[in-house]
Structures are given as structure tokens and as C-alpha cells.
file structure38.pdb (PDB, C-alpha atoms)
ATOM      1  CA  MET A   1     116.233  77.724  72.994
ATOM      2  CA  ASN A   2     117.896  77.140  76.326
ATOM      3  CA  ILE A   3     115.201  77.323  79.002
ATOM      4  CA  ALA A   4     115.678  77.193  82.772
ATOM      5  CA  VAL A   5     112.976  76.315  85.287
ATOM      6  CA  LEU A   6     113.624  77.961  88.652
ATOM      7  CA  SER A   7     112.500  75.331  91.142
ATOM      8  CA  ARG A   8     113.779  73.954  94.431
ATOM      9  CA  ASN A   9     112.664  70.416  93.561
ATOM     10  CA  ALA A  10     113.145  68.864  90.123
ATOM     11  CA  ASN A  11     110.749  66.043  91.052
ATOM     12  CA  LEU A  12     107.682  68.235  91.593
ATOM     13  CA  TYR A  13     104.883  67.581  89.091
ATOM     14  CA  SER A  14     104.846  71.128  87.700
ATOM     15  CA  THR A  15     108.617  71.240  87.304
ATOM     16  CA  LYS A  16     108.807  67.854  85.590
ATOM     17  CA  ARG A  17     105.975  68.712  83.201
ATOM     18  CA  LEU A  18     107.563  72.007  82.157
ATOM     19  CA  VAL A  19     110.909  70.315  81.478
ATOM     20  CA  GLU A  20     109.157  67.520  79.572
ATOM     21  CA  ALA A  21     107.108  69.965  77.469
ATOM     22  CA  ALA A  22     110.166  72.060  76.600
ATOM     23  CA  ARG A  23     112.191  69.024  75.509
ATOM     24  CA  GLN A  24     109.288  67.616  73.497
ATOM     25  CA  ARG A  25     109.307  70.832  71.487
ATOM     26  CA  GLY A  26     113.042  70.544  70.827
ATOM     27  CA  HIS A  27     114.400  72.954  73.419
ATOM     28  CA  GLU A  28     117.176  72.457  75.953
ATOM     29  CA  CYS A  29     115.814  72.692  79.487
ATOM     30  CA  ARG A  30     117.389  72.497  82.929
ATOM     31  CA  VAL A  31     116.226  72.995  86.500
ATOM     32  CA  LEU A  32     117.989  75.567  88.683
ATOM     33  CA  ASP A  33     117.415  75.753  92.416
ATOM     34  CA  HIS A  34     117.092  79.515  92.860
ATOM     35  CA  LEU A  35     118.324  79.270  96.459
ATOM     36  CA  ARG A  36     121.657  77.959  95.146
ATOM     37  CA  CYS A  37     122.093  80.837  92.720
ATOM     38  CA  ASP A  38     124.566  83.550  93.730
ATOM     39  CA  ILE A  39     123.869  87.096  92.579
ATOM     40  CA  ILE A  40     126.913  89.096  91.482
ATOM     41  CA  ILE A  41     126.259  92.824  91.181
ATOM     42  CA  GLU A  42     128.766  94.841  89.183
ATOM     43  CA  GLN A  43     128.535  97.946  87.038
ATOM     44  CA  ASN A  44     127.143  97.057  83.613
ATOM     45  CA  ASN A  45     127.810  93.373  84.251
ATOM     46  CA  PRO A  46     125.009  91.584  86.135
ATOM     47  CA  VAL A  47     125.733  87.852  86.417
ATOM     48  CA  LEU A  48     124.567  84.776  88.282
ATOM     49  CA  HIS A  49     126.532  81.764  89.479
ATOM     50  CA  TYR A  50     124.983  78.362  90.095
ATOM     51  CA  LYS A  51     126.880  76.027  92.401
ATOM     52  CA  GLY A  52     129.997  78.087  91.680
ATOM     53  CA  GLU A  53     129.641  78.122  87.884
ATOM     54  CA  LEU A  54     128.677  81.079  85.703
ATOM     55  CA  ILE A  55     125.135  80.874  84.305
ATOM     56  CA  LYS A  56     125.178  81.773  80.624
ATOM     57  CA  ASN A  57     123.373  81.208  77.333
ATOM     58  CA  ILE A  58     119.906  81.127  78.930
ATOM     59  CA  ASP A  59     117.144  82.363  76.615
ATOM     60  CA  ALA A  60     114.213  82.178  79.027
ATOM     61  CA  VAL A  61     113.374  81.282  82.623
ATOM     62  CA  ILE A  62     110.169  79.943  84.144
ATOM     63  CA  PRO A  63     110.027  80.980  87.821
ATOM     64  CA  ARG A  64     108.445  78.500  90.245
ATOM     65  CA  ILE A  65     109.100  80.522  93.394
ATOM     66  CA  GLY A  66     107.607  79.251  96.649
ATOM     67  CA  ALA A  67     105.971  81.721  99.032
ATOM     68  CA  SER A  68     108.484  81.005 101.801
ATOM     69  CA  VAL A  69     111.422  82.189  99.659
ATOM     70  CA  THR A  70     109.779  85.086  97.838
ATOM     71  CA  PHE A  71     112.476  87.612  98.786
ATOM     72  CA  TYR A  72     115.463  85.697  97.459
ATOM     73  CA  GLY A  73     113.603  83.995  94.632
ATOM     74  CA  SER A  74     112.332  87.293  93.246
ATOM     75  CA  ALA A  75     115.855  88.747  93.555
ATOM     76  CA  VAL A  76     117.189  85.925  91.355
ATOM     77  CA  VAL A  77     114.437  86.550  88.797
ATOM     78  CA  ARG A  78     115.272  90.272  88.887
ATOM     79  CA  GLN A  79     118.916  89.469  88.167
ATOM     80  CA  PHE A  80     117.898  87.443  85.108
ATOM     81  CA  GLU A  81     115.888  90.489  83.983
ATOM     82  CA  MET A  82     118.991  92.640  84.421
ATOM     83  CA  MET A  83     120.784  90.132  82.161
ATOM     84  CA  ASN A  84     118.077  90.648  79.496
ATOM     85  CA  VAL A  85     116.787  87.072  79.878
ATOM     86  CA  PHE A  86     113.072  86.640  79.186
ATOM     87  CA  THR A  87     111.106  85.518  82.230
ATOM     88  CA  THR A  88     107.540  84.242  82.080
ATOM     89  CA  THR A  89     106.756  86.007  85.357
ATOM     90  CA  LYS A  90     108.290  89.362  86.251
ATOM     91  CA  SER A  91     110.029  89.740  89.601
ATOM     92  CA  GLN A  92     107.871  92.682  90.653
ATOM     93  CA  ALA A  93     104.694  90.761  89.820
ATOM     94  CA  ILE A  94     105.847  87.905  92.071
ATOM     95  CA  VAL A  95     106.432  90.285  94.981
ATOM     96  CA  ARG A  96     103.119  92.050  94.357
ATOM     97  CA  SER A  97     101.108  88.820  94.226
ATOM     98  CA  ARG A  98     102.557  87.518  97.514
ATOM     99  CA  ASP A  99     101.266  90.495  99.487
ATOM    100  CA  LYS A 100      97.588  89.692 100.086
ATOM    101  CA  LEU A 101      96.694  93.190 101.240
ATOM    102  CA  ARG A 102      98.470  94.923  98.358
ATOM    103  CA  SER A 103      96.883  92.469  95.926
ATOM    104  CA  MET A 104      93.383  93.198  97.217
ATOM    105  CA  GLN A 105      93.976  96.940  96.923
ATOM    106  CA  ILE A 106      95.203  96.589  93.333
ATOM    107  CA  LEU A 107      92.325  94.302  92.391
ATOM    108  CA  ALA A 108      89.761  96.651  93.953
ATOM    109  CA  ARG A 109      91.113  99.490  91.807
ATOM    110  CA  SER A 110      90.816  97.327  88.675
ATOM    111  CA  GLY A 111      87.061  97.026  89.163
ATOM    112  CA  VAL A 112      86.726  93.253  89.644
ATOM    113  CA  GLY A 113      84.353  91.860  92.266
ATOM    114  CA  LEU A 114      85.878  91.054  95.658
ATOM    115  CA  PRO A 115      84.673  89.755  99.013
ATOM    116  CA  LYS A 116      84.460  92.711 101.389
ATOM    117  CA  THR A 117      87.782  92.863 103.255
ATOM    118  CA  ALA A 118      89.132  94.725 106.292
ATOM    119  CA  PHE A 119      92.636  95.200 107.687
ATOM    120  CA  THR A 120      94.004  96.908 110.772
ATOM    121  CA  ASN A 121      97.320  97.585 112.464
ATOM    122  CA  TYR A 122      96.671  95.427 115.543
ATOM    123  CA  SER A 123      93.597  97.471 116.480
ATOM    124  CA  ARG A 124      91.715  96.450 119.618
ATOM    125  CA  GLU A 125      88.453  97.570 118.032
ATOM    126  CA  ASP A 126      87.622  94.076 116.762
ATOM    127  CA  LYS A 127      83.880  94.681 116.656
ATOM    128  CA  TYR A 128      84.266  97.389 114.008
ATOM    129  CA  LEU A 129      86.300  95.086 111.788
ATOM    130  CA  ILE A 130      83.638  92.415 112.096
ATOM    131  CA  GLU A 131      80.831  94.841 111.305
ATOM    132  CA  ALA A 132      82.778  96.228 108.333
ATOM    133  CA  VAL A 133      82.605  92.882 106.507
ATOM    134  CA  GLY A 134      78.974  92.154 107.359
ATOM    135  CA  GLY A 135      79.341  90.348 110.676
ATOM    136  CA  ALA A 136      79.789  86.667 111.453
ATOM    137  CA  PRO A 137      80.338  84.165 109.977
ATOM    138  CA  LEU A 138      83.502  85.599 108.464
ATOM    139  CA  VAL A 139      86.919  84.459 107.267
ATOM    140  CA  ILE A 140      90.194  85.451 108.913
ATOM    141  CA  LYS A 141      93.397  85.030 106.878
ATOM    142  CA  LEU A 142      97.060  85.373 107.702
ATOM    143  CA  LEU A 143      98.693  87.756 105.230
ATOM    144  CA  GLU A 144     101.516  85.258 104.704
ATOM    145  CA  GLY A 145      99.355  82.103 104.480
ATOM    146  CA  THR A 146      99.379  79.785 101.433
ATOM    147  CA  GLN A 147      97.549  76.660 100.231
ATOM    148  CA  GLY A 148      94.723  77.233 102.714
ATOM    149  CA  LEU A 149      97.044  77.412 105.739
ATOM    150  CA  GLY A 150      96.379  80.277 108.131
ATOM    151  CA  VAL A 151      92.732  80.585 107.053
ATOM    152  CA  VAL A 152      90.032  80.381 109.724
ATOM    153  CA  LEU A 153      86.240  80.443 109.472
ATOM    154  CA  ALA A 154      84.764  82.162 112.522
ATOM    155  CA  GLU A 155      81.114  81.094 112.864
ATOM    156  CA  THR A 156      80.170  83.633 115.542
ATOM    157  CA  ARG A 157      81.096  87.169 116.534
ATOM    158  CA  LYS A 158      82.641  85.913 119.775
ATOM    159  CA  ALA A 159      84.755  83.337 117.949
ATOM    160  CA  ALA A 160      85.881  85.989 115.465
ATOM    161  CA  GLN A 161      86.943  88.339 118.253
ATOM    162  CA  SER A 162      88.877  85.539 119.970
ATOM    163  CA  VAL A 163      90.743  84.527 116.789
ATOM    164  CA  ILE A 164      91.587  88.108 115.813
ATOM    165  CA  GLU A 165      92.821  88.835 119.343
ATOM    166  CA  ALA A 166      94.929  85.667 119.374
ATOM    167  CA  PHE A 167      96.579  86.523 116.057
ATOM    168  CA  HIS A 168      97.217  90.098 117.134
ATOM    169  CA  ASN A 169      98.808  88.947 120.400
ATOM    170  CA  LEU A 170     101.178  86.850 118.294
ATOM    171  CA  LYS A 171     101.936  89.947 116.201
ATOM    172  CA  ALA A 172     100.567  88.126 113.160
ATOM    173  CA  ARG A 173      98.965  90.359 110.538
ATOM    174  CA  VAL A 174      95.563  89.230 109.320
ATOM    175  CA  ILE A 175      92.809  90.346 107.017
ATOM    176  CA  VAL A 176      89.141  89.877 107.880
ATOM    177  CA  GLN A 177      86.928  88.911 104.974
ATOM    178  CA  GLU A 178      83.260  88.473 104.183
ATOM    179  CA  PHE A 179      82.102  84.840 104.114
ATOM    180  CA  ILE A 180      80.305  83.928 100.873
ATOM    181  CA  LYS A 181      77.837  81.275 102.018
ATOM    182  CA  GLU A 182      76.349  80.622  98.576
ATOM    183  CA  ALA A 183      79.745  79.485  97.248
ATOM    184  CA  LYS A 184      79.171  76.259  99.239
ATOM    185  CA  ALA A 185      82.866  75.516  99.939
ATOM    186  CA  ALA A 186      83.743  75.619  96.232
ATOM    187  CA  ASP A 187      85.792  77.975  94.115
ATOM    188  CA  ILE A 188      86.870  78.353  90.499
ATOM    189  CA  ARG A 189      90.461  78.488  89.305
ATOM    190  CA  ALA A 190      91.054  79.996  85.889
ATOM    191  CA  PHE A 191      94.503  79.443  84.391
ATOM    192  CA  VAL A 192      95.666  82.460  82.386
ATOM    193  CA  ILE A 193      98.582  82.489  79.950
ATOM    194  CA  ASP A 194      99.440  85.542  77.862
ATOM    195  CA  ASN A 195      96.050  87.248  78.336
ATOM    196  CA  GLU A 196      94.098  84.095  77.455
ATOM    197  CA  VAL A 197      92.206  81.708  79.726
ATOM    198  CA  VAL A 198      93.607  78.305  78.708
ATOM    199  CA  GLY A 199      91.689  76.159  81.198
ATOM    200  CA  ALA A 200      89.502  76.271  84.283
ATOM    201  CA  MET A 201      88.449  73.920  87.062
ATOM    202  CA  ARG A 202      85.934  73.959  89.888
ATOM    203  CA  ARG A 203      87.395  72.906  93.229
ATOM    204  CA  GLN A 204      85.102  71.521  95.906
ATOM    205  CA  GLY A 205      86.110  71.299  99.558
ATOM    206  CA  LYS A 206      85.709  67.960 101.289
ATOM    207  CA  GLU A 207      82.741  67.479 103.601
ATOM    208  CA  GLY A 208      82.984  69.651 106.691
ATOM    209  CA  GLU A 209      85.727  71.822 105.158
ATOM    210  CA  PHE A 210      85.056  75.379 103.923
ATOM    211  CA  ARG A 211      88.419  75.611 102.117
ATOM    212  CA  SER A 212      88.474  74.152  98.622
ATOM    213  CA  ASN A 213      92.274  73.863  98.241
ATOM    214  CA  LEU A 214      93.415  70.547  96.742
ATOM    215  CA  HIS A 215      96.165  70.511  99.386
ATOM    216  CA  ARG A 216      93.398  70.364 101.999
ATOM    217  CA  GLY A 217      91.754  67.320 100.424
ATOM    218  CA  GLY A 218      89.449  69.073  97.976
ATOM    219  CA  SER A 219      88.479  67.656  94.580
ATOM    220  CA  ALA A 220      88.585  69.258  91.137
ATOM    221  CA  ALA A 221      86.618  68.951  87.898
ATOM    222  CA  VAL A 222      86.803  70.709  84.548
ATOM    223  CA  TYR A 223      84.684  73.855  84.393
ATOM    224  CA  LYS A 224      83.477  76.155  81.615
ATOM    225  CA  LEU A 225      83.706  79.775  82.626
ATOM    226  CA  SER A 226      80.882  82.201  81.980
ATOM    227  CA  ARG A 227      81.683  85.312  79.977
ATOM    228  CA  GLU A 228      81.657  87.361  83.197
ATOM    229  CA  GLU A 229      84.007  84.934  84.965
ATOM    230  CA  LYS A 230      86.428  84.887  82.044
ATOM    231  CA  ALA A 231      86.496  88.697  81.917
ATOM    232  CA  ALA A 232      87.123  88.875  85.672
ATOM    233  CA  ALA A 233      90.026  86.405  85.429
ATOM    234  CA  LEU A 234      91.700  88.296  82.590
ATOM    235  CA  THR A 235      91.232  91.667  84.293
ATOM    236  CA  ALA A 236      92.681  90.331  87.560
ATOM    237  CA  ALA A 237      95.758  88.798  85.910
ATOM    238  CA  LYS A 238      96.404  91.982  83.928
ATOM    239  CA  ALA A 239      95.991  94.190  87.008
ATOM    240  CA  MET A 240      98.619  92.106  88.826
ATOM    241  CA  GLY A 241     101.000  92.268  85.865
ATOM    242  CA  LEU A 242     101.064  88.479  85.484
ATOM    243  CA  SER A 243     101.459  86.777  82.109
ATOM    244  CA  ILE A 244     100.911  83.391  83.794
ATOM    245  CA  ALA A 245      98.432  83.231  86.666
ATOM    246  CA  GLY A 246      96.028  81.056  88.544
ATOM    247  CA  VAL A 247      93.021  83.252  89.314
ATOM    248  CA  ASP A 248      90.829  81.963  92.145
ATOM    249  CA  MET A 249      87.267  83.206  92.403
ATOM    250  CA  LEU A 250      84.021  82.488  94.219
ATOM    251  CA  GLN A 251      80.575  82.306  92.675
ATOM    252  CA  SER A 252      78.276  84.680  94.535
ATOM    253  CA  ASN A 253      74.824  86.213  94.195
ATOM    254  CA  ARG A 254      76.483  89.385  92.902
ATOM    255  CA  GLY A 255      78.758  87.712  90.350
ATOM    256  CA  PRO A 256      82.318  86.329  90.465
ATOM    257  CA  LEU A 257      84.439  87.507  93.394
ATOM    258  CA  ILE A 258      88.222  87.286  93.083
ATOM    259  CA  LEU A 259      89.930  85.637  96.056
ATOM    260  CA  GLU A 260      93.546  85.520  94.950
ATOM    261  CA  VAL A 261      95.827  85.688  91.934
ATOM    262  CA  ASN A 262      98.604  83.097  92.170
ATOM    263  CA  SER A 263     101.912  83.849  90.425
ATOM    264  CA  SER A 264     103.156  80.222  90.567
ATOM    265  CA  PRO A 265     100.014  78.164  89.981
ATOM    266  CA  GLY A 266     100.465  74.396  90.122
ATOM    267  CA  LEU A 267      99.914  72.379  86.956
ATOM    268  CA  GLU A 268      98.866  69.035  88.407
ATOM    269  CA  GLY A 269      95.305  69.907  89.410
ATOM    270  CA  ILE A 270      94.449  71.860  86.260
ATOM    271  CA  GLU A 271      96.000  69.325  83.861
ATOM    272  CA  GLN A 272      94.312  66.369  85.533
ATOM    273  CA  ALA A 273      90.933  68.111  85.747
ATOM    274  CA  THR A 274      90.927  69.405  82.172
ATOM    275  CA  GLY A 275      93.107  66.868  80.343
ATOM    276  CA  LEU A 276      94.903  69.800  78.707
ATOM    277  CA  ASP A 277      98.637  70.204  78.097
ATOM    278  CA  ILE A 278      99.030  73.402  80.128
ATOM    279  CA  ALA A 279     102.818  72.959  80.362
ATOM    280  CA  GLY A 280     102.993  72.900  76.567
ATOM    281  CA  LYS A 281     101.032  76.155  76.411
ATOM    282  CA  VAL A 282     103.603  77.779  78.710
ATOM    283  CA  ILE A 283     106.410  76.745  76.341
ATOM    284  CA  LYS A 284     104.445  78.011  73.322
ATOM    285  CA  PHE A 285     104.098  81.363  75.123
ATOM    286  CA  ILE A 286     107.892  81.547  75.465
ATOM    287  CA  GLU A 287     108.314  80.663  71.780
ATOM    288  CA  ARG A 288     106.004  83.505  70.759
ATOM    289  CA  GLU A 289     107.798  86.003  72.974
ATOM    290  CA  ARG A 290     111.258  84.910  71.845
ATOM    291  CA  GLY A 291     110.324  84.475  68.194
ATOM    292  CA  ALA A 292     111.551  80.880  68.326
ATOM    293  CA  GLU A 293     110.133  77.912  66.473
ATOM    294  CA  PRO A 294     110.110  74.423  68.004
ATOM    295  CA  LYS A 295     112.551  71.996  66.452
ATOM    296  CA  LYS A 296     110.962  69.167  64.541
ATOM    297  CA  ARG A 297     111.716  65.833  66.128
ATOM    298  CA  LYS A 298     113.116  63.194  63.809
ATOM    299  CA  LYS A 299     110.614  60.398  63.322
ATOM    300  CA  SER A 300     111.888  57.172  64.802
ATOM    301  CA  PRO A 301     111.072  53.706  63.441
ATOM    302  CA  THR A 302     108.925  53.075  66.531
ATOM    303  CA  ASP A 303     106.636  56.066  65.876
ATOM    304  CA  ALA A 304     103.213  55.075  64.597
TER     305      ALA A 304
END

call {"tool": "encode", "arguments": {"input": "structure38.pdb", "output": "C-alpha cells"}}
result
Amino acid sequence: MNIAVLSRNANLYSTKRLVEAARQRGHECRVLDHLRCDIIIEQNNPVLHYKGELIKNIDAVIPRIGASVTFYGSAVVRQFEMMNVFTTTKSQAIVRSRDKLRSMQILARSGVGLPKTAFTNYSREDKYLIEAVGGAPLVIKLLEGTQGLGVVLAETRKAAQSVIEAFHNLKARVIVQEFIKEAKAADIRAFVIDNEVVGAMRRQGKEGEFRSNLHRGGSAAVYKLSREEKAAALTAAKAMGLSIAGVDMLQSNRGPLILEVNSSPGLEGIEQATGLDIAGKVIKFIERERGAEPKKRKKSPTDA
């Protein structure tokens, strides 16, 4: 097969591993910067150009769309869909997953556990928001934040009111969320591919930090999910329409609580924590969907 990884940086760990895994299984693989793709819309003839050249003969694409370019990146993925090219993540699922509020509403309807969450249209009634999620301490999140950025822990009611007011004055939309003390600055990431949990890790925030993101200096270790946690991860990924997802959850006294479902989960943390070939599992997923078999590599004299 001819596989394309949509990524702005060919040197990123996840991008390199996907290319490596595809080539190891005998497929052609290239990296396309989705921001350099031009979308040509014409009746019954959807096409894409890359650096001025027509993109053709692509069997599958693996979107690695950053949050800051969701609009254009998802439009490129949508164009590939119009061209009947298989994509591991659907364009609509990318858009859906990037909207924190919409995601929480969808997840709530699916029946998975969630931290209690409140949202308002710049309301001045801060005290009601705070009471709605159980009071302080509580977590305040920017709707557009990623990798732990734009997430604030307000220890007191007064601090919470000040932060909410500051964000609202900046016309920044935020959600207010219950703080799960018993999670102890740790969360679980389950990696889902094709309705199967293929690996999981427990991420622990560094001392003095309530966020467990690896980008914020947290550490990760392999983790075995409970039956309840596995079911929650699969339900969350399915509800979001994601065939590949990183499902983040907290351990609480009332069971697993879903924090977020990531449509472009990084491979570095999960592969290093688990020792598993997650990139290879992504390529195998494409092979199953496309009905393609990996080419057998010719054994070289140097192979053991």
C-alpha cells in the first residue's frame, strides 16, 4: 500500500515511528505537511495538490493533526475522504474531539463516568458555577487548551472567582470542573485501536504539580486496566467516533472518570512505558481495513 502520514514535522517521534512501522511491513510511506496541501473542489472531482503537485495513488492516510490547525487539518482529511481514501481518523471525529464542551456532552450521554463540569456564556454568577461542581478546590480549563496548558487548580473559592473573572474579561471560554483529590495528581491513558485497548500507562505528575501530562514533566509507567476501566475507555472512544484514541481517565472513589479523548495521541510515552510496538498496531489496523497483506521482506545475509 501507499500510506501517507499527515504531519507538520517528519522528525517527531510519532511520525517517524509510523513511517518506520509501515516500511518494515513492506508498504510505501511518505509524510505530507497538511498545511502545504491545497484543496481543489470541483464537481465529481475532489483532488489535493502538495507543493504544486497532484496527490494520487494514496491508499490510506494517518492524520496527526495538531490542535492549533484543527480547522485546516480536518478539511484536508475530509478531502481525502471525498477522494475515497481510507483515513484512520475521520475528519468529523477530529473536529468533535477538539471541542472540550461538545466532547463532555457526548461522553455524558454515552454513560461513562465524568468529573462534574459546568460551563457558562461569560456569566457573572461565578459562585453558582463553583457550587455546581462541589466547591473549591476545583479545576478551570480553557476550552482550547492542550497538553496541560490553560489548566488551573483553584484551591479556594476566592481564587476560583478571580481566575474565572480574569478569563471572562479576556473573552476566553472556560469550563469549571470538579477536582478529584483521590487521584493524587495521576491519571491513566488507555490507547485504543479499532475497538481494542492495545496498551495503557499511568502518568504521575511531578511533585507540586496537579497535572500529570508528560509535557509538564510527569512520568509514566505501564499499567494494567481493570475491567471497568477498559470498558470505559472503549465506550468513550466509540462515543467520539474514533478508531484510534488516547483515552485519559482519573481513578476516583466512584470509579473511572473520563477526562478527555485525544484524536492524535502521541506514541512516545505509551511505547516507552509499555515496550509495545503501538505504531505497528496502527499499520496492522490499516491492513485489516484495506484487506492488504504486508509484503515479506527478503532475508539478507546479515539477518540472524

call {"tool": "closest_residue", "arguments": {"input": "structure38.pdb", "among": "A:Gly269, A:Gly150, A:Gly241, A:Pro115", "to": "A:Arg96", "atoms": "all atoms listed in the file"}}
result
A:Gly241

call {"tool": "closest_residue", "arguments": {"input": "structure38.pdb", "among": "A:Ile106, A:Leu129, A:Gly218, A:Arg254", "to": "A:Ile164", "atoms": "only C-alpha atoms"}}
result
A:Leu129

call {"tool": "resolve_selection", "arguments": {"input": "structure38.pdb", "expression": "the PyMOL selection byres ((chain A and resi 157) around 9)", "output": "mmCIF file with C-alpha atoms, in the frame of the given file"}}
result
data_model
loop_
_atom_site.group_PDB
_atom_site.id
_atom_site.type_symbol
_atom_site.label_atom_id
_atom_site.label_comp_id
_atom_site.auth_asym_id
_atom_site.auth_seq_id
_atom_site.Cartn_x
_atom_site.Cartn_y
_atom_site.Cartn_z
ATOM 1 C CA LYS A 127 83.880 94.681 116.656
ATOM 2 C CA ILE A 130 83.638 92.415 112.096
ATOM 3 C CA GLY A 135 79.341 90.348 110.676
ATOM 4 C CA ALA A 136 79.789 86.667 111.453
ATOM 5 C CA PRO A 137 80.338 84.165 109.977
ATOM 6 C CA LEU A 138 83.502 85.599 108.464
ATOM 7 C CA ALA A 154 84.764 82.162 112.522
ATOM 8 C CA GLU A 155 81.114 81.094 112.864
ATOM 9 C CA THR A 156 80.170 83.633 115.542
ATOM 10 C CA LYS A 158 82.641 85.913 119.775
ATOM 11 C CA ALA A 159 84.755 83.337 117.949
ATOM 12 C CA ALA A 160 85.881 85.989 115.465
ATOM 13 C CA GLN A 161 86.943 88.339 118.253
ATOM 14 C CA SER A 162 88.877 85.539 119.970
#

call {"tool": "resolve_selection", "arguments": {"input": "structure38.pdb", "expression": "the PyMOL selection byres ((chain A and resi 220-234) around 6)", "output": "list in words"}}
result
Val112, Ala200, Met201, Arg202, Arg203, Ser219, Thr235, Ala236, Ala237, Val247, Pro256, Ala273 and Thr274 of chain A

call {"tool": "closest_residue", "arguments": {"input": "structure38.pdb", "among": "A:Lys56, A:Asn84, A:Val192, A:Asp99", "to": "A:Asn44", "atoms": "all atoms listed in the file"}}
result
A:Asn84

call {"tool": "resolve_selection", "arguments": {"input": "structure38.pdb", "expression": "the PyMOL selection byres ((chain A and resi 141) around 9)", "output": "PyMOL selection string"}}
result
chain A and resi 139-140+142-145+148-153+173-177

call {"tool": "write_last_selection", "arguments": {"input": "structure38.pdb", "atoms": "C-alpha atoms", "output": "PDB file, in the frame of the given file"}}
result
ATOM      1  CA  VAL A 139      86.919  84.459 107.267  1.00  0.00           C
ATOM      2  CA  ILE A 140      90.194  85.451 108.913  1.00  0.00           C
ATOM      3  CA  LEU A 142      97.060  85.373 107.702  1.00  0.00           C
ATOM      4  CA  LEU A 143      98.693  87.756 105.230  1.00  0.00           C
ATOM      5  CA  GLU A 144     101.516  85.258 104.704  1.00  0.00           C
ATOM      6  CA  GLY A 145      99.355  82.103 104.480  1.00  0.00           C
ATOM      7  CA  GLY A 148      94.723  77.233 102.714  1.00  0.00           C
ATOM      8  CA  LEU A 149      97.044  77.412 105.739  1.00  0.00           C
ATOM      9  CA  GLY A 150      96.379  80.277 108.131  1.00  0.00           C
ATOM     10  CA  VAL A 151      92.732  80.585 107.053  1.00  0.00           C
ATOM     11  CA  VAL A 152      90.032  80.381 109.724  1.00  0.00           C
ATOM     12  CA  LEU A 153      86.240  80.443 109.472  1.00  0.00           C
ATOM     13  CA  ARG A 173      98.965  90.359 110.538  1.00  0.00           C
ATOM     14  CA  VAL A 174      95.563  89.230 109.320  1.00  0.00           C
ATOM     15  CA  ILE A 175      92.809  90.346 107.017  1.00  0.00           C
ATOM     16  CA  VAL A 176      89.141  89.877 107.880  1.00  0.00           C
ATOM     17  CA  GLN A 177      86.928  88.911 104.974  1.00  0.00           C
TER      18      GLN A 177
END

call {"tool": "atom_distance", "arguments": {"input": "structure38.pdb", "atom1": "atom CA of A:Cys37", "atom2": "atom CA of A:Leu18"}}
result
20.0 Å
